Each structure stands twice: as structure tokens, then as C-alpha cells.
file target.cif (mmCIF, C-alpha atoms)
data_query
#
loop_
_atom_site.group_PDB
_atom_site.id
_atom_site.type_symbol
_atom_site.label_atom_id
_atom_site.label_comp_id
_atom_site.auth_asym_id
_atom_site.auth_seq_id
_atom_site.Cartn_x
_atom_site.Cartn_y
_atom_site.Cartn_z
ATOM 1 C CA MET A 1400 133.449 16.997 -25.979
ATOM 2 C CA GLU A 1401 131.087 15.963 -28.752
ATOM 3 C CA LYS A 1402 127.467 15.578 -27.658
ATOM 4 C CA ARG A 1403 126.351 11.940 -27.851
ATOM 5 C CA TYR A 1404 123.111 10.177 -27.079
ATOM 6 C CA LEU A 1405 123.096 7.563 -24.380
ATOM 7 C CA GLN A 1406 121.780 4.072 -25.069
ATOM 8 C CA GLU A 1407 117.988 3.839 -24.903
ATOM 9 C CA SER A 1408 118.142 0.542 -23.005
ATOM 10 C CA ILE A 1409 120.837 -0.656 -20.587
ATOM 11 C CA GLU A 1410 120.889 -4.092 -18.950
ATOM 12 C CA GLY A 1411 122.515 -4.755 -15.577
ATOM 13 C CA LYS A 1412 122.677 -7.498 -12.971
ATOM 14 C CA LYS A 1413 119.314 -6.749 -11.345
ATOM 15 C CA VAL A 1414 117.635 -4.145 -13.532
ATOM 16 C CA ILE A 1415 117.051 -2.953 -17.055
ATOM 17 C CA LEU A 1416 116.921 0.773 -17.739
ATOM 18 C CA LYS A 1417 114.665 1.963 -20.544
ATOM 19 C CA LYS A 1418 114.297 5.460 -21.957
ATOM 20 C CA TYR A 1419 110.990 6.980 -20.805
ATOM 21 C CA GLU A 1420 107.927 6.051 -22.849
ATOM 22 C CA ILE A 1421 104.527 7.747 -22.839
ATOM 23 C CA GLY A 1422 102.903 4.322 -22.457
ATOM 24 C CA LEU A 1423 104.284 4.075 -18.925
ATOM 25 C CA ALA A 1424 102.626 7.309 -17.714
ATOM 26 C CA GLN A 1425 99.686 5.565 -16.037
ATOM 27 C CA LYS A 1426 101.934 3.154 -14.127
ATOM 28 C CA MET A 1427 104.311 5.956 -13.080
ATOM 29 C CA PHE A 1428 101.372 8.016 -11.850
ATOM 30 C CA GLU A 1429 99.966 5.046 -9.888
ATOM 31 C CA PHE A 1430 103.356 4.534 -8.213
ATOM 32 C CA ILE A 1431 103.562 8.191 -7.234
ATOM 33 C CA CYS A 1432 100.024 8.078 -5.819
ATOM 34 C CA LYS A 1433 100.748 4.876 -3.904
ATOM 35 C CA ASP A 1434 103.927 6.289 -2.364
ATOM 36 C CA ARG A 1435 103.243 10.039 -2.468
ATOM 37 C CA GLU A 1436 103.711 10.654 1.263
ATOM 38 C CA ARG A 1437 107.133 8.959 1.364
ATOM 39 C CA LEU A 1438 108.302 10.491 -1.931
ATOM 40 C CA SER A 1439 107.117 13.966 -0.930
ATOM 41 C CA ARG A 1440 109.392 14.009 2.111
ATOM 42 C CA TYR A 1441 112.467 14.529 -0.077
ATOM 43 C CA LEU A 1442 111.294 15.113 -3.662
ATOM 44 C CA PRO A 1443 109.677 18.510 -4.262
ATOM 45 C CA TRP A 1444 108.083 17.423 -7.557
ATOM 46 C CA ALA A 1445 106.018 14.574 -6.048
ATOM 47 C CA PRO A 1446 103.099 16.700 -4.734
ATOM 48 C CA HIS A 1447 102.740 18.388 -8.141
ATOM 49 C CA ILE A 1448 102.053 15.210 -10.135
ATOM 50 C CA LYS A 1449 98.270 15.177 -9.630
ATOM 51 C CA SER A 1450 97.063 13.401 -12.770
ATOM 52 C CA VAL A 1451 98.151 11.095 -15.562
ATOM 53 C CA ASP A 1452 98.192 14.193 -17.781
ATOM 54 C CA ASP A 1453 100.813 15.737 -15.464
ATOM 55 C CA GLU A 1454 102.903 12.595 -15.852
ATOM 56 C CA ILE A 1455 102.472 12.606 -19.648
ATOM 57 C CA LYS A 1456 103.599 16.247 -19.762
ATOM 58 C CA PHE A 1457 106.661 15.393 -17.661
ATOM 59 C CA ILE A 1458 107.569 12.464 -19.938
ATOM 60 C CA GLU A 1459 107.123 14.612 -23.055
ATOM 61 C CA GLU A 1460 109.395 17.298 -21.581
ATOM 62 C CA SER A 1461 111.936 14.614 -20.665
ATOM 63 C CA LEU A 1462 111.911 13.170 -24.181
ATOM 64 C CA ALA A 1463 112.380 16.658 -25.675
ATOM 65 C CA ALA A 1464 115.337 17.256 -23.335
ATOM 66 C CA TRP A 1465 116.825 13.907 -24.436
ATOM 67 C CA LYS A 1466 116.669 14.990 -28.098
ATOM 68 C CA GLN A 1467 118.420 18.259 -27.180
ATOM 69 C CA TYR A 1468 121.224 16.443 -25.290
ATOM 70 C CA LEU A 1469 120.155 18.057 -22.000
ATOM 71 C CA SER A 1470 119.275 14.958 -19.982
ATOM 72 C CA ALA A 1471 118.608 11.221 -20.125
ATOM 73 C CA ASN A 1472 115.718 9.788 -18.108
ATOM 74 C CA TYR A 1473 115.163 6.083 -17.596
ATOM 75 C CA SER A 1474 112.483 3.879 -16.110
ATOM 76 C CA ILE A 1475 113.882 1.070 -13.967
ATOM 77 C CA PHE A 1476 112.560 -2.464 -14.472
ATOM 78 C CA SER A 1477 113.372 -5.617 -12.517
ATOM 79 C CA LYS A 1478 115.418 -7.895 -14.752
ATOM 80 C CA PHE A 1479 113.660 -10.903 -13.240
ATOM 81 C CA ASP A 1480 109.996 -10.056 -13.921
ATOM 82 C CA MET A 1481 110.118 -6.726 -15.852
ATOM 83 C CA GLU A 1482 108.156 -4.994 -13.072
ATOM 84 C CA TYR A 1483 108.483 -1.211 -13.133
ATOM 85 C CA LEU A 1484 110.328 -0.035 -9.984
ATOM 86 C CA GLY A 1485 111.061 3.710 -10.302
ATOM 87 C CA ASN A 1486 113.291 6.097 -12.258
ATOM 88 C CA VAL A 1487 116.926 7.135 -12.610
ATOM 89 C CA SER A 1488 118.037 10.209 -14.534
ATOM 90 C CA ALA A 1489 121.114 12.052 -15.685
ATOM 91 C CA PHE A 1490 120.593 15.813 -16.007
ATOM 92 C CA ASN A 1491 122.320 19.188 -15.825
ATOM 93 C CA PHE A 1492 124.478 18.089 -18.755
ATOM 94 C CA ASP A 1493 127.466 20.390 -19.158
ATOM 95 C CA TRP A 1494 129.122 19.140 -22.328
ATOM 96 C CA THR A 1495 131.841 21.810 -22.256
ATOM 97 C CA ASN A 1496 133.050 20.782 -18.804
ATOM 98 C CA GLU A 1497 132.059 17.113 -19.271
ATOM 99 C CA SER A 1498 129.916 16.953 -16.145
ATOM 100 C CA CYS A 1499 126.371 16.006 -15.163
ATOM 101 C CA GLU A 1500 124.219 14.977 -12.211
ATOM 102 C CA ILE A 1501 122.327 11.775 -11.371
ATOM 103 C CA GLY A 1502 119.030 11.546 -9.470
ATOM 104 C CA TYR A 1503 116.789 8.596 -8.622
ATOM 105 C CA TRP A 1504 113.689 7.347 -6.841
ATOM 106 C CA ILE A 1505 112.086 3.954 -6.276
ATOM 107 C CA LEU A 1506 108.757 2.739 -4.909
ATOM 108 C CA GLY A 1507 109.105 2.017 -1.188
ATOM 109 C CA ASP A 1508 108.191 -1.662 -1.726
ATOM 110 C CA TYR A 1509 111.500 -2.128 -3.590
ATOM 111 C CA GLU A 1510 113.729 0.029 -1.397
ATOM 112 C CA GLY A 1511 116.814 -1.580 0.140
ATOM 113 C CA LYS A 1512 117.074 -4.433 -2.360
ATOM 114 C CA GLY A 1513 119.975 -3.076 -4.439
ATOM 115 C CA PHE A 1514 117.894 -2.009 -7.449
ATOM 116 C CA ILE A 1515 118.791 1.692 -7.235
ATOM 117 C CA ARG A 1516 122.454 0.950 -6.605
ATOM 118 C CA ASP A 1517 122.538 -1.220 -9.751
ATOM 119 C CA ALA A 1518 120.659 1.408 -11.779
ATOM 120 C CA VAL A 1519 122.968 4.249 -10.710
ATOM 121 C CA ASP A 1520 126.062 2.130 -11.362
ATOM 122 C CA MET A 1521 124.825 1.277 -14.877
ATOM 123 C CA LEU A 1522 123.931 4.870 -15.703
ATOM 124 C CA GLU A 1523 127.275 6.094 -14.364
ATOM 125 C CA ASN A 1524 129.117 3.656 -16.641
ATOM 126 C CA GLU A 1525 127.073 4.793 -19.634
ATOM 127 C CA LEU A 1526 127.838 8.440 -18.845
ATOM 128 C CA LEU A 1527 131.564 7.672 -18.667
ATOM 129 C CA LEU A 1528 131.367 5.792 -21.987
ATOM 130 C CA VAL A 1529 129.912 8.810 -23.795
ATOM 131 C CA GLY A 1530 132.683 10.986 -22.373
ATOM 132 C CA PHE A 1531 131.600 12.610 -19.120
ATOM 133 C CA ASN A 1532 134.425 13.178 -16.639
ATOM 134 C CA ARG A 1533 132.517 14.292 -13.521
ATOM 135 C CA ILE A 1534 129.261 12.908 -12.157
ATOM 136 C CA VAL A 1535 127.486 14.489 -9.184
ATOM 137 C CA ILE A 1536 124.811 13.117 -6.866
ATOM 138 C CA MET A 1537 123.110 15.501 -4.424
ATOM 139 C CA CYS A 1538 121.019 14.153 -1.560
ATOM 140 C CA GLU A 1539 119.111 15.884 1.163
ATOM 141 C CA LYS A 1540 121.233 15.392 4.279
ATOM 142 C CA GLU A 1541 118.356 13.835 6.229
ATOM 143 C CA ASN A 1542 117.671 11.286 3.469
ATOM 144 C CA GLN A 1543 120.150 8.700 4.702
ATOM 145 C CA ARG A 1544 118.914 5.920 2.395
ATOM 146 C CA SER A 1545 119.560 8.060 -0.663
ATOM 147 C CA GLY A 1546 122.973 9.061 0.658
ATOM 148 C CA CYS A 1547 124.000 5.408 0.978
ATOM 149 C CA ILE A 1548 123.951 5.020 -2.821
ATOM 150 C CA PRO A 1549 126.865 7.318 -3.729
ATOM 151 C CA LYS A 1550 128.830 6.142 -0.691
ATOM 152 C CA SER A 1551 128.461 2.497 -1.748
ATOM 153 C CA LEU A 1552 129.609 3.324 -5.291
ATOM 154 C CA GLY A 1553 132.787 5.134 -4.268
ATOM 155 C CA TYR A 1554 131.652 8.727 -4.713
ATOM 156 C CA VAL A 1555 133.513 11.349 -2.698
ATOM 157 C CA LEU A 1556 131.578 13.582 -0.308
ATOM 158 C CA GLU A 1557 132.642 17.072 -1.374
ATOM 159 C CA GLY A 1558 130.636 18.885 1.259
ATOM 160 C CA GLU A 1559 127.262 20.358 2.047
ATOM 161 C CA LEU A 1560 125.191 23.091 0.493
ATOM 162 C CA ARG A 1561 123.705 24.429 3.708
ATOM 163 C CA GLU A 1562 120.037 25.384 3.668
ATOM 164 C CA LEU A 1563 120.097 25.537 -0.106
ATOM 165 C CA LYS A 1564 116.404 24.915 -0.658
ATOM 166 C CA LYS A 1565 113.223 25.640 1.209
ATOM 167 C CA TYR A 1566 110.874 22.693 1.267
ATOM 168 C CA HIS A 1567 107.840 22.083 3.508
ATOM 169 C CA ASP A 1568 108.458 25.506 5.079
ATOM 170 C CA LYS A 1569 111.967 24.592 6.235
ATOM 171 C CA PHE A 1570 115.397 25.002 4.741
ATOM 172 C CA VAL A 1571 117.174 21.802 3.732
ATOM 173 C CA THR A 1572 120.859 21.039 3.376
ATOM 174 C CA LEU A 1573 122.127 18.972 0.455
ATOM 175 C CA GLU A 1574 125.161 16.708 0.557
ATOM 176 C CA VAL A 1575 127.211 16.816 -2.648
ATOM 177 C CA TYR A 1576 128.961 13.649 -3.827
ATOM 178 C CA SER A 1577 131.063 13.337 -6.967
ATOM 179 C CA LYS A 1578 132.981 10.787 -8.948
ATOM 180 C CA LEU A 1579 135.577 11.533 -11.594
ATOM 181 C CA ARG A 1580 136.497 9.342 -14.530
ATOM 182 C CA ARG A 1581 139.877 8.655 -12.884
ATOM 183 C CA ASP A 1582 138.124 7.455 -9.687
ATOM 184 C CA ASN A 1583 136.446 4.624 -11.565
ATOM 185 C CA GLN A 1584 138.074 1.316 -12.414
ATOM 186 C CA PHE A 1585 137.021 2.010 -15.991
#

call {"tool": "encode", "arguments": {"input": "target.cif", "output": "C-alpha cells"}}
result
Amino acid sequence: MEKRYLQESIEGKKVILKKYEIGLAQKMFEFICKDRERLSRYLPWAPHIKSVDDEIKFIEESLAAWKQYLSANYSIFSKFDMEYLGNVSAFNFDWTNESCEIGYWILGDYEGKGFIRDAVDMLENELLLVGFNRIVIMCEKENQRSGCIPKSLGYVLEGELRELKKYHDKFVTLEVYSKLRRDNQF
């Protein structure tokens, strides 16, 4: 499969996805600070973003990975008022085997309103358009809200990776969901 860049902006029913921009670092950092306790329950990176400079470094690394066809990271904005809501990313690009993984997070104030579902659906469609065959979403088993996203989009639960990671001094199990090109009404 030929490596191809994804669109830098994607518009959906509820949200617009935009490629990360350095100018959003302050807002991203404020969101993480505001919701750090909730985010830290399931996202091991959240406690390590301690300054705007940390966020800038993360965005710069993400933009470099985009240029190298390794990942595609998007900020999520409400289509109605252009408010920043969170992020959705495609990563672990395997161009030879035409597979990748999707991850996401949203500020708690916007949780449960369909924004993440729309964002993941849009990113999935973009990934299929550029040629990926297999898309994976992994969620910590205890994070039921996150696990609802792949289920609602028709992903297949392949199984669990038992006690795969140690986080907050305990081992956590990840559920692995996947969707293949042929599974989609594409």
C-alpha cells in the first residue's frame, strides 16, 4: 500500500477534526488541567502533561510523526460553535499490513453527547479512504464509556489482553476491538 497523508480537516455531522496546531497548546493544556483526575484514571499520559511546554512538545512530536506517515492526530471541534472538545488520533500505522489503531479523549463536560462517536466514525472513514484494511481500538476493560464507542460503530470484540499494562500500581486488562474494510458499508 502506498503511504498517503490523511486530510488535514474533516467535517462531520457534529464535529470538525483539524490536524494539531501549536496555537492550540494552551487550550489543550487547560483542558487537561481541568479534567486531569478523570483523564488520569485511564490515560497514562495525562499526569505527565504538567505545562504548556509539555503540550507544545507533544504537538511538535505529533506533527513530525504526521510528516513521516506514522500517525495522524486531530483536535475535535464542535461544528456548532467551534469549541475545542478533545482529541482523536490514528497511530501505529502499519502500511505493509494496512492496519492502524484509533484512540480518543474528550473533556468530561462533553462526554455522552455523541461527539467522540462522530469523530471516530469520521476518522475511520478517512483511514479506509487512504487504503487501510484493519482498524483497531483498545480500551481499558473498566472504561465502559470508552468501550461503548467501538461497539456502537460495529467493531468486533476480538478479545482481551489480560493485565497488559501496569498503571496506578495495578495491572489493567485491555479489550481489543477491530473493524475490517469489508465490515464497513463503504

call {"tool": "residues_around", "arguments": {"input": "target.cif", "residues": "region 1473-1480 of chain A", "least_positions_apart": "5", "cutoff": "9 Å", "atoms": "all atoms listed in the file", "output": "PDB file with C-alpha atoms, keeping the file's coordinate frame"}}
result
ATOM      1  CA  GLU A1407     117.988   3.839 -24.903  1.00  0.00           C
ATOM      2  CA  SER A1408     118.142   0.542 -23.005  1.00  0.00           C
ATOM      3  CA  GLU A1410     120.889  -4.092 -18.950  1.00  0.00           C
ATOM      4  CA  GLY A1411     122.515  -4.755 -15.577  1.00  0.00           C
ATOM      5  CA  LYS A1412     122.677  -7.498 -12.971  1.00  0.00           C
ATOM      6  CA  LYS A1413     119.314  -6.749 -11.345  1.00  0.00           C
ATOM      7  CA  VAL A1414     117.635  -4.145 -13.532  1.00  0.00           C
ATOM      8  CA  ILE A1415     117.051  -2.953 -17.055  1.00  0.00           C
ATOM      9  CA  LEU A1416     116.921   0.773 -17.739  1.00  0.00           C
ATOM     10  CA  LYS A1417     114.665   1.963 -20.544  1.00  0.00           C
ATOM     11  CA  LYS A1418     114.297   5.460 -21.957  1.00  0.00           C
ATOM     12  CA  TYR A1419     110.990   6.980 -20.805  1.00  0.00           C
ATOM     13  CA  GLU A1420     107.927   6.051 -22.849  1.00  0.00           C
ATOM     14  CA  LEU A1423     104.284   4.075 -18.925  1.00  0.00           C
ATOM     15  CA  MET A1427     104.311   5.956 -13.080  1.00  0.00           C
ATOM     16  CA  GLY A1485     111.061   3.710 -10.302  1.00  0.00           C
ATOM     17  CA  ASN A1486     113.291   6.097 -12.258  1.00  0.00           C
ATOM     18  CA  VAL A1487     116.926   7.135 -12.610  1.00  0.00           C
ATOM     19  CA  SER A1488     118.037  10.209 -14.534  1.00  0.00           C
ATOM     20  CA  ALA A1489     121.114  12.052 -15.685  1.00  0.00           C
ATOM     21  CA  ILE A1505     112.086   3.954  -6.276  1.00  0.00           C
ATOM     22  CA  PHE A1514     117.894  -2.009  -7.449  1.00  0.00           C
ATOM     23  CA  ILE A1515     118.791   1.692  -7.235  1.00  0.00           C
ATOM     24  CA  ALA A1518     120.659   1.408 -11.779  1.00  0.00           C
TER      25      ALA A1518
END

call {"tool": "closest_residue", "arguments": {"input": "target.cif", "among": "A:Tyr1483, A:Trp1465, A:Phe1492, A:Trp1504", "to": "Leu1438 (chain A)", "atoms": "only C-alpha atoms"}}
result
A:Trp1504

call {"tool": "atom_distance", "arguments": {"input": "target.cif", "atom1": "CA of Phe1490 (chain A)", "atom2": "CA of Thr1572 (chain A)"}}
result
20.1 Å

call {"tool": "closest_residue", "arguments": {"input": "target.cif", "among": "A:Gln1467, A:Lys1512, A:Leu1528, A:Tyr1576", "to": "Glu1559 (chain A)", "atoms": "all atoms listed in the file"}}
result
A:Tyr1576

call {"tool": "resolve_selection", "arguments": {"input": "target.cif", "expression": "the PyMOL selection byres ((chain A and resi 1580) around 12)", "output": "VMD selection string"}}
result
chain A and resid 1497 to 1498 1523 to 1535 1553 to 1554 1577 to 1579 1581 to 1585

call {"tool": "residues_near_point", "arguments": {"input": "target.cif", "point": "(108.8, 22.1, 1.9)", "cutoff": "10 Å", "atoms": "all atoms listed in the file", "output": "ChimeraX atom specification"}}
result
/A:1439-1443,1564-1571

call {"tool": "atom_distance", "arguments": {"input": "target.cif", "atom1": "CA of Met1537 (chain A)", "atom2": "CA of Glu1574 (chain A)"}}
result
5.5 Å

call {"tool": "closest_residue", "arguments": {"input": "target.cif", "among": "A:Arg1403, A:Arg1435, A:Lys1466, A:Lys1550", "to": "Lys1449 (chain A)", "atoms": "all atoms listed in the file"}}
result
A:Arg1435

call {"tool": "closest_residue", "arguments": {"input": "target.cif", "among": "A:Pro1549, A:Met1521, A:Ile1421, A:Tyr1404", "to": "Leu1469 (chain A)", "atoms": "all atoms listed in the file"}}
result
A:Tyr1404

call {"tool": "atom_distance", "arguments": {"input": "target.cif", "atom1": "CA of Ile1431 (chain A)", "atom2": "CA of Ile1458 (chain A)"}}
result
14.0 Å

call {"tool": "closest_residue", "arguments": {"input": "target.cif", "among": "A:Leu1484, A:Ala1471, A:Val1555, A:Val1451", "to": "Gly1507 (chain A)", "atoms": "only C-alpha atoms"}}
result
A:Leu1484

call {"tool": "resolve_selection", "arguments": {"input": "target.cif", "expression": "the PyMOL selection byres ((chain A and resi 1541) around 9)", "output": "list in words"}}
result
Tyr1441, Cys1538, Glu1539, Lys1540, Asn1542, Gln1543, Arg1544, Gly1546, Val1571, Thr1572 and Leu1573 of chain A
